[in-house]
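Participant: Attaching a single structure in structure tokens format; questions to follow.
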Amino acid sequence: MRYIFFLLLGLSTQAFGQWKSYSISVNGDTLNRVDQKGREQGPWVIKVASLRGERGYEEQGYFLNGKRTGKWTRFSLDGDVIAMENYRWGQKDGRCIYLNNMGEPIREESWRAVNPDNPYDTVNVYDVNDPNRVVGRQVIKLEGSSLKHGTWKYYDTFSGKLEATEKWEFDKLKPTGDSDDLAPLAVTEGGEKKEVEKKPVPKPKQVVEFDKLKKGKKKIVVRDGSTGG
């Protein structure tokens with residue numbers, strides 16, 4: 001029995017020996033691991049105390065080679081969920097939601113993390129006259145580490161009513177006007193910024209035929225159905 005105890009003790013020492021530091025939870029789980037290279041690894045719990053009027057909080061999530069990855073949850077010191085964030089390559093990626101202490105949404109964000117080893121992406125270029133028609137593909141370089149990308153929503157703090165919505169594409173806020181809303185994205189070509197040229201809107205077939213009929217005539221009389229002098 002004594003040999004079994006020493007064997008288990010040796011395995012435990014070897015397992016924990018790979019960590020430069022760590023902590024043990026009340027359930028016996030190994031948390032807040034730091035490897036021999038000084039990188040955070042695995043499940044972490046981060047506590048921030050209240051300071052100078054700023055409320056404290058607690059965060060739970062995972063690290064991979066010193067960078068946040070996957071889902072992270074933030075709690076108030078009272079145990080209420082106040083934020084749910086997603087990470088990739090240590091940066092925000094995807095949908096992130098922020099809540100008040102009643103569990104109602106305050107803000108909803110959408111992010112696109114940039115791969116530091118390959119900061120390029122390919123986007124569709126749409127026809128300015130038909131926003132559903134793709135006319136080409138363009139490779140662009142993404143500047144920054146995490147870009148606003150997708151729909152952002154803002155809610156009233158007290159009522160929870162949706163107050164505003166924004167559309168973002170690679171950190172560029174899309175216009176909300178009827179015509180500007182369909183404007184093509186600015187893309188890059190050869191390292192230089194290039195705007196997609198807007199094409200003139202073609203005339204309807206009926207208008208073209210009418211223009212041909214009146215060509216060369218001095219005056220066209222149009223009957224409007226009115227009577228009298």
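So you can find residues: chains in the structure tokens are A, B, ... in the order shown, residues in each start at 1, and ligands are numbered from 1 in order.
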What are the DSSP strand (DSSP E) residues of segment 39-207 of chain A, as a ChimeraX atom specification?

Facilitator: /A:40-48,57-64,67-76,81-88,91-92,94-99,105-113,120-127,130-141,146-148,150-155,162-169,172-173,187-189,192-194

Participant: Find the residues around segment 165-179 of chain A up to 9 Å (only C-alpha atoms counted), leave out those fewer than 3 positions away in its own chain, and share them as a list in words.

Facilitator: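 Here the qualifying residues turn out to be Ser110, Trp111, Arg112, Leu142, Glu143, Ser146, Leu147, Lys148, His149, Gly150, Thr151, Trp152, Lys153, Tyr154, Leu162, Leu182, Ala183 and Leu185 of chain A.
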
Participant: Please produce a file of the residues just selected, as a tab-separated table (two decimals), in the first residue's frame, where the atoms kept are C-alpha atoms.

Facilitator:
```
chain	number	residue	atom	x	y	z
A	110	SER	CA	-20.06	41.78	-32.81
A	111	TRP	CA	-16.31	41.47	-33.39
A	112	ARG	CA	-13.91	39.89	-35.87
A	142	LEU	CA	-7.11	43.87	-41.91
A	143	GLU	CA	-5.59	46.62	-39.81
A	146	SER	CA	-9.97	42.99	-33.41
A	147	LEU	CA	-12.44	44.76	-35.70
A	148	LYS	CA	-16.06	45.74	-35.28
A	149	HIS	CA	-17.84	43.42	-37.68
A	150	GLY	CA	-21.57	42.73	-37.71
A	151	THR	CA	-24.59	44.18	-35.93
A	152	TRP	CA	-24.25	46.27	-32.76
A	153	LYS	CA	-27.33	46.87	-30.61
A	154	TYR	CA	-27.87	49.40	-27.82
A	162	LEU	CA	-33.78	48.53	-28.16
A	182	LEU	CA	-25.79	50.04	-50.61
A	183	ALA	CA	-22.46	51.74	-51.24
A	185	LEU	CA	-16.96	48.68	-49.30
```

Participant: Between atom CA of Leu64 of chain A and atom CA of Gly28 of chain A, what distance in Å does the model show, to one decimal?

Facilitator: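 Spanning atom CA of Leu64 of chain A to atom CA of Gly28 of chain A is a straight-line distance of 21.1 Å.
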
Participant: A:Gly136, A:Gly144, A:Gly70, A:Gly42: which is nearest Pro119 of chain A, counting only C-alpha atoms?

Facilitator: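 Distance minimum relative to Pro119 of chain A lands on A:Gly144.
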
Participant: Select, from A:Ser159, A:Gln18, A:Asn32, A:Ser23, the residue with the minimum atom-to-atom distance to Ile106 of chain A, counting only C-alpha atoms.

Facilitator: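 Of A:Ser159, A:Gln18, A:Asn32, A:Ser23, the one nearest Ile106 of chain A is A:Ser159, counting only C-alpha atoms.
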
Participant: For Phe158 of chain A, which of A:Val114, A:Val135, A:Met102, A:Ile140 is the closest residue, counting only C-alpha atoms?

Facilitator: A:Met102
